[in-house]
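The data block below is data-v1.txt; it holds compact mmCIF, C-alpha atoms.
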```
# COMPACT_ATOMS: atom_id res chain seq x y z
CA MET A 14 125.72 88.12 -68.74
CA THR A 15 124.39 91.41 -67.43
CA ARG A 16 120.74 91.86 -68.30
CA GLU A 17 120.05 94.94 -70.39
CA ILE A 18 117.42 97.44 -69.22
CA TYR A 19 114.81 98.24 -71.86
CA SER A 20 112.00 100.77 -72.05
CA GLU A 21 108.45 99.81 -71.08
CA GLN A 22 107.53 99.79 -74.76
CA ASP A 23 110.37 97.42 -75.60
CA GLU A 24 109.57 95.14 -72.67
CA ALA A 25 105.96 95.01 -73.85
CA PHE A 26 107.21 94.07 -77.31
CA ARG A 27 109.39 91.31 -75.83
CA GLN A 28 106.47 89.91 -73.83
CA GLU A 29 104.24 90.00 -76.91
CA ILE A 30 106.56 87.91 -79.08
CA ARG A 31 107.36 85.61 -76.15
CA SER A 32 103.66 85.02 -75.48
CA TRP A 33 102.93 84.48 -79.16
CA LEU A 34 105.65 81.84 -79.46
CA GLY A 35 104.46 80.15 -76.28
CA ALA A 36 100.94 79.94 -77.65
CA ASN A 37 101.76 78.97 -81.24
CA LEU A 38 104.82 76.73 -81.27
CA PRO A 39 103.82 73.09 -81.84
CA GLU A 40 103.12 70.93 -78.82
CA GLY A 41 106.30 69.35 -77.49
CA TRP A 42 108.53 71.98 -79.10
CA GLY A 43 112.05 71.90 -77.71
CA THR A 44 111.65 68.39 -76.31
CA ARG A 45 112.30 64.90 -77.67
CA ASP A 46 108.56 64.61 -78.30
CA PHE A 47 108.78 66.93 -81.31
CA ARG A 48 111.07 66.74 -84.30
CA LEU A 49 110.99 68.46 -87.64
CA PRO A 50 110.39 66.15 -90.61
CA ARG A 51 113.57 64.31 -91.62
CA ASP A 52 112.70 64.33 -95.32
CA ARG A 53 114.13 67.51 -96.84
CA VAL A 54 111.10 68.27 -98.99
CA GLU A 55 108.69 67.72 -96.10
CA ARG A 56 110.87 69.87 -93.85
CA ARG A 57 110.87 72.73 -96.34
CA GLU A 58 107.09 72.55 -96.62
CA TRP A 59 106.81 72.66 -92.82
CA LEU A 60 109.09 75.70 -92.71
CA ARG A 61 107.01 77.44 -95.37
CA TRP A 62 103.86 76.71 -93.34
CA TRP A 63 105.52 78.06 -90.19
CA GLN A 64 106.67 81.29 -91.85
CA ALA A 65 103.16 81.85 -93.23
CA LYS A 66 101.74 81.31 -89.74
CA MET A 67 104.10 83.92 -88.30
CA ALA A 68 103.43 86.30 -91.20
CA LYS A 69 99.69 86.18 -90.55
CA ASP A 70 100.26 87.89 -87.20
CA ARG A 71 103.01 90.15 -88.60
CA TRP A 72 105.88 88.36 -86.86
CA VAL A 73 107.81 88.11 -90.10
CA ALA A 74 109.80 91.02 -91.61
CA ILE A 75 109.22 93.09 -88.49
CA HIS A 76 111.85 95.57 -89.73
CA TRP A 77 109.73 96.40 -92.79
CA PRO A 78 107.40 99.44 -92.73
CA GLU A 79 103.85 98.74 -91.53
CA GLU A 80 102.44 99.61 -94.96
CA PHE A 81 104.24 96.56 -96.36
CA GLY A 82 103.19 94.18 -93.59
CA GLY A 83 106.02 94.83 -91.15
CA ARG A 84 106.01 96.45 -87.73
CA ASP A 85 108.46 99.34 -88.21
CA ALA A 86 110.43 97.61 -85.45
CA THR A 87 113.27 99.60 -83.94
CA LEU A 88 116.76 98.12 -83.80
CA THR A 89 116.23 97.34 -80.11
CA GLN A 90 113.02 95.50 -80.91
CA GLN A 91 114.75 93.58 -83.68
CA ILE A 92 117.41 92.48 -81.19
CA LEU A 93 114.73 91.38 -78.72
CA TYR A 94 112.87 89.54 -81.49
CA HIS A 95 115.95 87.62 -82.63
CA THR A 96 116.84 86.88 -79.01
CA GLU A 97 113.45 85.33 -78.30
CA MET A 98 113.51 83.38 -81.56
CA ALA A 99 116.95 81.98 -80.76
CA GLU A 100 116.12 81.17 -77.14
CA HIS A 101 113.00 79.30 -78.28
CA ARG A 102 115.15 77.47 -80.86
CA VAL A 103 112.94 78.63 -83.74
CA PRO A 104 114.61 77.74 -87.07
CA ALA A 105 115.74 80.52 -89.37
CA MET A 106 112.99 81.64 -91.73
CA ILE A 107 113.08 79.60 -94.92
CA GLY A 108 112.38 82.82 -96.85
CA ARG A 109 115.07 84.85 -95.08
CA ARG A 110 116.89 85.88 -98.28
CA GLY A 111 113.72 87.50 -99.54
CA LEU A 112 112.91 88.98 -96.13
CA ASN A 113 116.39 90.36 -95.41
CA MET A 114 117.74 91.27 -98.85
CA ALA A 115 115.27 91.31 -101.73
CA GLY A 116 112.40 92.76 -99.68
CA PRO A 117 114.25 95.81 -98.28
CA THR A 118 115.68 96.44 -101.76
CA LEU A 119 112.24 96.36 -103.35
CA ILE A 120 110.92 98.71 -100.66
CA VAL A 121 113.66 101.24 -101.49
CA HIS A 122 114.08 100.80 -105.25
CA GLY A 123 111.08 98.82 -106.52
CA THR A 124 108.10 100.20 -108.39
CA GLN A 125 104.67 100.11 -106.80
CA GLU A 126 103.74 97.29 -109.18
CA GLN A 127 106.79 95.26 -108.08
CA GLN A 128 106.07 95.88 -104.43
CA GLU A 129 102.47 94.71 -104.85
CA ARG A 130 103.58 91.70 -106.90
CA PHE A 131 106.40 90.47 -104.69
CA LEU A 132 106.39 91.71 -101.09
CA GLU A 133 103.35 89.92 -99.66
CA ARG A 134 104.42 86.66 -101.29
CA ILE A 135 107.88 87.08 -99.73
CA ARG A 136 106.37 87.50 -96.27
CA PHE A 137 104.19 84.39 -96.55
CA ALA A 138 106.93 82.23 -98.13
CA GLU A 139 104.80 81.79 -101.24
CA ASP A 140 107.91 82.71 -103.22
CA LEU A 141 111.36 81.70 -101.99
CA TRP A 142 114.11 84.00 -103.21
CA CYS A 143 117.79 83.40 -103.91
CA THR A 144 120.56 85.89 -104.50
CA GLY A 145 122.89 85.42 -107.46
CA PHE A 146 126.03 87.48 -106.93
CA SER A 147 129.11 85.24 -107.13
CA GLU A 148 130.35 83.89 -110.44
CA PRO A 149 133.10 81.37 -111.27
CA ASP A 150 135.46 84.25 -112.17
CA ALA A 151 133.92 87.02 -110.05
CA GLY A 152 133.43 85.98 -106.46
CA SER A 153 135.38 88.30 -104.20
CA ASP A 154 135.36 91.02 -106.88
CA LEU A 155 131.63 91.24 -107.47
CA ALA A 156 131.86 94.19 -109.86
CA SER A 157 133.86 92.02 -112.31
CA LEU A 158 130.79 89.92 -113.08
CA ARG A 159 130.50 88.61 -116.64
CA THR A 160 126.91 87.40 -116.87
CA ARG A 161 125.47 89.51 -119.66
CA GLY A 162 122.06 91.00 -120.29
CA GLU A 163 121.30 92.15 -123.84
CA LEU A 164 118.39 94.53 -124.33
CA ASP A 165 115.89 93.13 -126.83
CA GLY A 166 112.70 95.17 -127.02
CA ASP A 167 110.80 94.73 -123.76
CA SER A 168 113.19 92.03 -122.53
CA ILE A 169 116.74 91.56 -121.33
CA VAL A 170 118.23 88.31 -122.66
CA VAL A 171 120.56 86.82 -120.05
CA ASN A 172 123.54 84.55 -120.68
CA GLY A 173 126.18 83.47 -118.17
CA ARG A 174 126.70 81.64 -114.89
CA LYS A 175 126.27 82.19 -111.17
CA ILE A 176 127.73 79.97 -108.46
CA TRP A 177 127.37 79.29 -104.73
CA THR A 178 123.70 80.26 -104.95
CA SER A 179 122.08 79.03 -101.73
CA GLY A 180 118.68 77.35 -102.03
CA ALA A 181 118.34 77.71 -105.81
CA HIS A 182 117.39 74.02 -106.18
CA TYR A 183 114.12 74.70 -104.35
CA GLY A 184 113.81 78.47 -104.87
CA ASP A 185 111.29 80.31 -107.01
CA LEU A 186 112.93 83.63 -107.89
CA LEU A 187 116.52 84.77 -108.31
CA TYR A 188 117.54 88.32 -107.46
CA THR A 189 120.75 88.86 -109.43
CA LEU A 190 123.07 91.24 -111.26
CA VAL A 191 123.88 91.20 -114.97
CA ARG A 192 126.11 93.41 -117.10
CA THR A 193 124.11 95.39 -119.65
CA ASP A 194 126.90 97.81 -120.66
CA SER A 195 130.67 97.20 -120.78
CA THR A 196 131.82 100.62 -122.00
CA GLY A 197 132.34 102.36 -118.66
CA ASP A 198 133.83 101.70 -115.24
CA LYS A 199 133.25 98.15 -113.96
CA HIS A 200 130.79 99.45 -111.35
CA GLU A 201 128.71 101.01 -114.11
CA GLY A 202 126.51 99.22 -116.62
CA ILE A 203 125.27 96.65 -114.08
CA THR A 204 121.55 95.95 -113.86
CA CYS A 205 119.58 94.25 -111.10
CA VAL A 206 116.96 91.79 -112.36
CA VAL A 207 114.53 89.20 -111.00
CA ILE A 208 114.62 85.87 -112.86
CA PRO A 209 112.10 83.05 -112.30
CA LEU A 210 114.13 79.89 -111.72
CA SER A 211 111.53 77.94 -113.69
CA ALA A 212 112.14 80.02 -116.84
CA ASP A 213 113.26 78.35 -120.05
CA GLY A 214 117.04 78.41 -120.37
CA VAL A 215 117.72 78.37 -116.61
CA ASP A 216 119.66 75.29 -115.46
CA VAL A 217 120.24 74.75 -111.72
CA GLN A 218 122.86 72.21 -110.64
CA PRO A 219 123.28 71.50 -106.89
CA ILE A 220 126.86 71.37 -105.58
CA ARG A 221 127.53 68.57 -103.11
CA ARG A 222 129.29 69.77 -99.97
CA ASN A 223 131.87 67.83 -97.96
CA ASN A 224 129.23 66.90 -95.35
CA GLY A 225 126.95 65.35 -97.96
CA THR A 226 124.39 68.15 -98.19
CA SER A 227 123.66 70.25 -101.27
CA GLU A 228 122.63 73.75 -100.28
CA PHE A 229 124.71 75.60 -102.87
CA ASN A 230 124.14 75.58 -106.61
CA GLU A 231 125.59 76.60 -109.94
CA ILE A 232 123.12 78.30 -112.30
CA THR A 233 123.56 78.59 -116.06
CA PHE A 234 121.56 81.04 -118.19
CA ASP A 235 121.16 80.23 -121.89
CA ASP A 236 119.28 83.00 -123.74
CA VAL A 237 116.90 83.58 -120.83
CA PRO A 238 114.42 86.41 -121.64
CA VAL A 239 113.66 88.59 -118.61
CA PRO A 240 110.88 91.22 -118.88
CA VAL A 241 112.09 94.78 -118.38
CA GLY A 242 109.38 94.96 -115.72
CA ASN A 243 111.59 92.66 -113.63
CA VAL A 244 114.40 95.23 -113.45
CA ILE A 245 114.79 96.66 -109.94
CA GLY A 246 115.81 100.31 -110.16
CA GLU A 247 117.12 101.73 -113.40
CA ILE A 248 118.93 99.80 -116.12
CA GLY A 249 122.67 100.29 -115.52
CA ASP A 250 122.18 101.36 -111.88
CA GLY A 251 122.37 97.88 -110.39
CA TRP A 252 125.51 98.48 -108.34
CA ARG A 253 123.80 101.16 -106.26
CA VAL A 254 120.73 98.93 -105.89
CA ALA A 255 122.86 95.95 -104.80
CA ARG A 256 124.58 98.00 -102.11
CA THR A 257 121.18 98.44 -100.45
CA SER A 258 120.81 94.65 -100.37
CA LEU A 259 124.29 93.93 -99.05
CA ALA A 260 124.03 96.63 -96.38
CA HIS A 261 121.05 94.81 -94.83
CA GLU A 262 122.55 91.34 -94.99
CA HIS A 263 124.38 90.94 -91.66
CA TYR A 264 123.83 93.73 -89.17
CA THR A 265 121.26 92.10 -86.86
CA HIS A 266 122.38 88.51 -87.45
CA PHE A 267 124.79 88.63 -84.54
CA VAL A 268 121.94 88.06 -82.06
CA PRO A 269 120.90 84.54 -83.11
CA SER A 270 124.51 83.78 -84.04
CA GLN A 271 125.75 84.72 -80.58
CA LEU A 272 123.02 82.80 -78.78
CA ASN A 273 123.49 79.71 -80.94
CA PHE A 274 127.25 80.03 -80.42
CA ALA A 275 126.72 80.11 -76.65
CA LYS A 276 124.27 77.19 -76.66
CA THR A 277 126.62 75.11 -78.80
CA LEU A 278 129.43 75.84 -76.36
CA GLU A 279 127.21 74.70 -73.47
CA GLU A 280 126.71 71.40 -75.28
CA ILE A 281 130.47 71.08 -75.80
CA ILE A 282 131.09 71.70 -72.09
CA LYS A 283 128.51 69.03 -71.23
CA LEU A 284 130.26 66.67 -73.65
CA ALA A 285 133.64 67.43 -72.04
CA LYS A 286 132.29 66.53 -68.60
CA SER A 287 130.87 63.21 -69.81
CA THR A 288 133.80 62.12 -72.02
CA LYS A 289 136.91 60.54 -70.52
CA ASP A 290 140.47 60.33 -71.82
CA ALA A 291 142.56 57.15 -71.93
CA SER A 292 143.36 57.42 -68.21
CA GLY A 293 139.69 57.68 -67.26
CA ARG A 294 139.82 61.37 -66.39
CA PRO A 295 136.96 63.60 -67.65
CA ARG A 296 138.21 65.64 -70.58
CA SER A 297 136.84 68.75 -68.87
CA GLU A 298 139.76 68.45 -66.44
CA LEU A 299 142.44 68.59 -69.15
CA PRO A 300 144.19 72.00 -68.84
CA TRP A 301 144.68 72.50 -72.59
CA LEU A 302 140.99 71.86 -73.27
CA ARG A 303 139.87 74.01 -70.33
CA GLU A 304 141.86 76.93 -71.73
CA ARG A 305 140.29 76.55 -75.18
CA ILE A 306 136.81 76.30 -73.68
CA ALA A 307 137.49 79.52 -71.73
CA ARG A 308 138.66 81.25 -74.90
CA ALA A 309 135.51 80.09 -76.70
CA TRP A 310 133.39 81.48 -73.87
CA VAL A 311 135.14 84.85 -74.20
CA ALA A 312 134.53 84.74 -77.96
CA THR A 313 130.77 84.35 -77.44
CA ARG A 314 130.78 87.55 -75.39
CA LEU A 315 132.91 89.39 -77.92
CA VAL A 316 130.47 88.46 -80.68
CA ARG A 317 127.71 90.20 -78.71
CA ILE A 318 129.83 93.21 -77.77
CA ASN A 319 130.92 93.80 -81.37
CA GLY A 320 127.35 93.33 -82.57
CA MET A 321 126.04 95.89 -80.10
CA ARG A 322 128.81 98.30 -81.09
CA ASN A 323 127.72 97.98 -84.71
CA ILE A 324 124.10 98.61 -83.74
CA ALA A 325 125.17 101.75 -81.87
CA LYS A 326 126.95 102.95 -85.00
CA ILE A 327 123.79 102.37 -87.05
CA VAL A 328 121.69 104.31 -84.55
CA GLU A 329 124.18 107.18 -84.80
CA SER A 330 124.46 107.25 -88.59
CA GLY A 331 121.07 105.87 -89.63
CA VAL A 332 122.50 103.26 -92.02
CA PRO A 333 124.45 100.00 -91.67
CA GLY A 334 128.18 100.63 -92.00
CA PRO A 335 131.34 98.68 -92.82
CA GLU A 336 131.76 97.77 -89.14
CA GLY A 337 129.47 94.83 -89.85
CA SER A 338 132.44 93.19 -91.56
CA ILE A 339 134.18 92.99 -88.16
CA MET A 340 131.24 90.96 -86.90
CA LYS A 341 131.21 88.72 -89.95
CA LEU A 342 134.97 88.10 -89.92
CA PHE A 343 135.24 87.38 -86.21
CA GLY A 344 132.10 85.27 -86.07
CA GLN A 345 132.95 83.07 -89.04
CA GLU A 346 136.50 82.43 -87.87
CA GLU A 347 135.30 81.58 -84.36
CA GLU A 348 132.66 79.20 -85.72
CA LYS A 349 135.39 77.10 -87.30
CA LYS A 350 137.38 77.10 -84.06
CA LEU A 351 134.29 76.07 -82.07
CA TYR A 352 133.78 72.88 -84.08
CA GLU A 353 137.49 72.12 -84.00
CA LEU A 354 137.18 72.31 -80.21
CA ALA A 355 134.14 70.01 -80.31
CA LEU A 356 136.05 67.34 -82.21
CA ASP A 357 138.96 67.51 -79.79
CA VAL A 358 136.58 67.21 -76.84
CA ALA A 359 134.73 64.27 -78.40
CA GLY A 360 137.96 62.43 -79.21
CA GLU A 361 137.78 59.47 -81.58
CA ARG A 362 133.98 59.31 -81.21
CA GLY A 363 133.73 62.76 -82.79
CA ILE A 364 134.85 61.61 -86.24
CA PHE A 365 132.09 59.02 -86.69
CA ASP A 366 129.41 59.89 -89.21
CA ARG A 367 125.79 60.52 -88.26
CA GLY A 368 123.98 57.30 -87.44
CA ALA A 369 127.10 55.40 -86.42
CA PRO A 370 126.52 53.54 -83.11
CA LEU A 371 129.63 55.00 -81.42
CA ALA A 372 129.21 58.56 -82.72
CA ALA A 373 129.22 61.26 -80.03
CA ASP A 374 125.84 63.04 -79.90
CA ARG A 375 124.61 61.13 -82.96
CA GLY A 376 127.48 62.40 -85.11
CA LYS A 377 126.53 66.08 -84.94
CA TRP A 378 130.07 67.27 -84.24
CA GLY A 379 131.74 65.73 -87.25
CA PHE A 380 128.86 66.88 -89.43
CA GLY A 381 129.06 70.39 -87.97
CA TYR A 382 132.83 70.50 -88.37
CA LEU A 383 132.60 69.70 -92.09
CA GLY A 384 129.86 72.29 -92.56
CA SER A 385 131.83 74.95 -90.71
CA ARG A 386 134.60 74.81 -93.32
CA ALA A 387 132.40 77.01 -95.51
CA ALA A 388 131.86 79.60 -92.76
CA THR A 389 134.78 81.74 -93.92
CA ILE A 390 133.58 81.65 -97.55
CA GLY A 391 129.79 82.04 -97.60
CA GLY A 392 128.32 85.54 -97.52
CA GLY A 393 131.69 87.12 -98.25
CA THR A 394 135.07 85.52 -97.65
CA SER A 395 137.29 86.41 -94.73
CA GLU A 396 139.65 88.04 -97.24
CA MET A 397 136.84 90.32 -98.43
CA GLN A 398 135.91 91.23 -94.87
CA ARG A 399 139.53 92.07 -94.04
CA ASN A 400 139.75 94.33 -97.08
CA THR A 401 136.54 96.13 -96.07
CA ILE A 402 137.78 96.63 -92.52
CA ALA A 403 141.19 97.83 -93.70
CA GLU A 404 139.90 100.28 -96.28
CA ARG A 405 136.58 101.52 -94.88
CA VAL A 406 137.08 101.22 -91.12
CA LEU A 407 140.82 101.76 -90.64
CA GLY A 408 141.32 104.05 -93.64
CA LEU A 409 144.21 102.06 -95.13
CA PRO A 410 145.10 102.28 -98.84
CA HIS A 411 142.84 100.39 -101.23
CA ASP A 412 143.80 96.90 -102.36
CA PRO A 413 145.14 97.33 -105.91
```
Here is a file; write its structure as structure tokens.
Amino acid sequence: MTREIYSEQDEAFRQEIRSWLGANLPEGWGTRDFRLPRDRVERREWLRWWQAKMAKDRWVAIHWPEEFGGRDATLTQQILYHTEMAEHRVPAMIGRRGLNMAGPTLIVHGTQEQQERFLERIRFAEDLWCTGFSEPDAGSDLASLRTRGELDGDSIVVNGRKIWTSGAHYGDLLYTLVRTDSTGDKHEGITCVVIPLSADGVDVQPIRRNNGTSEFNEITFDDVPVPVGNVIGEIGDGWRVARTSLAHEHYTHFVPSQLNFAKTLEEIIKLAKSTKDASGRPRSELPWLRERIARAWVATRLVRINGMRNIAKIVESGVPGPEGSIMKLFGQEEEKKLYELALDVAGERGIFDRGAPLAADRGKWGFGYLGSRAATIGGGTSEMQRNTIAERVLGLPHDP
């Protein structure tokens, strides 16, 4: 890949984060001598510790304004930051939903009291946030949500359900939308509230995925009182507030996604060279697999090109635009294809579960394949992304 040319200031920024990671990552990082804790609870605590360590030197939420603990990082610097993080194989921040969605929303729409109460704790992973948008009957059509909030003095009493809420089983706060008025258009009468997941009347039930993990949850609210002081923005103006959150969800994510995509493909190519077919020929020599590997390589480059095009659009307009849906749609569809390719390269050894003696690469490919089935659903389905592209990028008629 052609190396980009950056300004002296940007190169200095790159060297600063690179040096910091080199000096602060645990000894043995990136080698077999170091592994994250296998126990899920212990791993989460390690990730919280690591985020707090990065936050202390302001290497968390670098896109936030300096007054809130960020670095006012430019888009170029954000790209460099995510590139270095991905190349050093640093795990995604455990508090990323607060850092990337709730935090920017609070900075734009929150009161000073809310900013002082929440933002520093978001940076240091003292509070882990979740986002509650989807509902059993309102997933793709978010504005059709039915979870209700009834005003009762200084509280809003919440009843209803949210589903597919990532991390709610270990989260602290839920940033969500409730309907406080049903008399107007469906985009009106929606209010954005913060609900402690430990509050009375909140029930969190993990949903078991096909690969055995439970990262998603269903949440039920039964007469949950939420202080009016936990409303972000104005009561009834939640749709406008939520658009701030959703606009910041994906636009710089292409950098780690593209690098991880490319590194995963490198591992698949290595697997193809070391795995033989029934005739004893390395699978890397099979024409039909070579063609698919070449197509996957092209896809990794297209992910980066589309991401950079979206960044250029943001620089021009000043705000994230609907072009981010192109990135999301293409990336999530290609992720599924990548793991399908991995299974075909691994052959019968690819379908063994993790821990099985004959499993290729300790069973990571079968596990990854099952997990990738959700790629075209989470964070907005492929159908939603296609509608956004059709209506807001191509100018086609709205979906009735």
Within 8 Å of stretch 224-228 of chain A, counting only C-alpha atoms, which residues qualify if same-chain residues fewer than 5 places away don't, as a VMD selection string? chain A and resid 179 to 180 182 219 380 383 to 384
Which residue gives the smallest distance to A:Ile232 among A:Glu40, A:Glu79, A:Glu148, A:Asp23, with only C-alpha atoms counted?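 Comparing A:Glu40, A:Glu79, A:Glu148, A:Asp23 against A:Ile232, the winner is A:Glu148.
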Just the residues within 7 Å of A:Tyr188, please, counting all atoms listed in the file, with nothing from its chain fewer than 2 positions along; format it as a ChimeraX atom specification. /A:115,142-145,186,206-208
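Comparing A:Asp250, A:Asp154, A:Asp236, A:Asp70 by their smallest distance to A:Thr204, the closest is A:Asp250 (using all atoms listed in the file).
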Distance query A:Gly251 at most 10 Å, all atoms listed in the file, self and fewer than 5 positions along chain excluded, as a ChimeraX atom specification: /A:189-193,200-206,244-246,256
Spatial neighbours of A:Val121, max dist 10 Å, all atoms listed in the file, sep filter under 5 positions, as a count of residues only: 7
Point out the residue among A:Leu342, A:Leu34, A:Ala359, A:Ala68 with the least atom-to-atom distance to A:Glu396, counting all atoms listed in the file. A:Leu342
By how many Å are atom CA of A:Asp213 and atom CA of A:Ser195 apart? 25.7 Å
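Considering the residues A:Glu97, A:Glu353, A:Asp140, A:Asp167 and counting all atoms listed in the file, A:Leu210 has its shortest atom-to-atom contact with A:Asp140.
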Figure out the distance between atom CA of A:Ala181 and atom CA of A:Leu60, please, to one decimal in Å.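 Between these atoms lies a distance of 16.2 Å.
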Exercise: A:Ser338 partners within 7 Å, only C-alpha atoms, chain neighbours under 6 positions left out, as a VMD selection string: chain A and resid 398 401 to 402
Do you know which residues lie at most 8 Å from (130.7, 65.6, -79.6), with coordinates as in the file and all atoms listed in the file counted, and could you write them as a list in words?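 Output of the proximity query reads Ile281, Leu284, Ala355, Leu356, Val358, Ala359, Gly360, Arg362, Gly363, Ala372, Ala373, Asp374, Gly376, Lys377, Trp378 and Gly379 of chain A.
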Go ahead and save the picked residues with C-alpha atoms, as a PDB file, keeping the file's coordinate frame.
```pdb
ATOM      1  CA  ILE A 281     130.470  71.080 -75.800  1.00  0.00           C
ATOM      2  CA  LEU A 284     130.260  66.670 -73.650  1.00  0.00           C
ATOM      3  CA  ALA A 355     134.140  70.010 -80.310  1.00  0.00           C
ATOM      4  CA  LEU A 356     136.050  67.340 -82.210  1.00  0.00           C
ATOM      5  CA  VAL A 358     136.580  67.210 -76.840  1.00  0.00           C
ATOM      6  CA  ALA A 359     134.730  64.270 -78.400  1.00  0.00           C
ATOM      7  CA  GLY A 360     137.960  62.430 -79.210  1.00  0.00           C
ATOM      8  CA  ARG A 362     133.980  59.310 -81.210  1.00  0.00           C
ATOM      9  CA  GLY A 363     133.730  62.760 -82.790  1.00  0.00           C
ATOM     10  CA  ALA A 372     129.210  58.560 -82.720  1.00  0.00           C
ATOM     11  CA  ALA A 373     129.220  61.260 -80.030  1.00  0.00           C
ATOM     12  CA  ASP A 374     125.840  63.040 -79.900  1.00  0.00           C
ATOM     13  CA  GLY A 376     127.480  62.400 -85.110  1.00  0.00           C
ATOM     14  CA  LYS A 377     126.530  66.080 -84.940  1.00  0.00           C
ATOM     15  CA  TRP A 378     130.070  67.270 -84.240  1.00  0.00           C
ATOM     16  CA  GLY A 379     131.740  65.730 -87.250  1.00  0.00           C
TER      17      GLY A 379
END
```
Rank nothing, just name the residue among A:Ala138, A:Leu302, A:Val237, A:Leu119 nearest to A:Gly173, using only C-alpha atoms.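 Under the stated criterion, the closest residue is A:Val237.
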One decimal, in Å: what's the spacing between atom CA of A:Arg296 and atom CA of A:Gly344?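 Atom CA of A:Arg296 sits 25.7 Å away from atom CA of A:Gly344.
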Residue with smallest distance to A:Pro240 - pool A:Ile306, A:Leu299, A:Leu409, A:Val171, counting only C-alpha atoms: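 So, comparing all the options, the nearest one is A:Val171.
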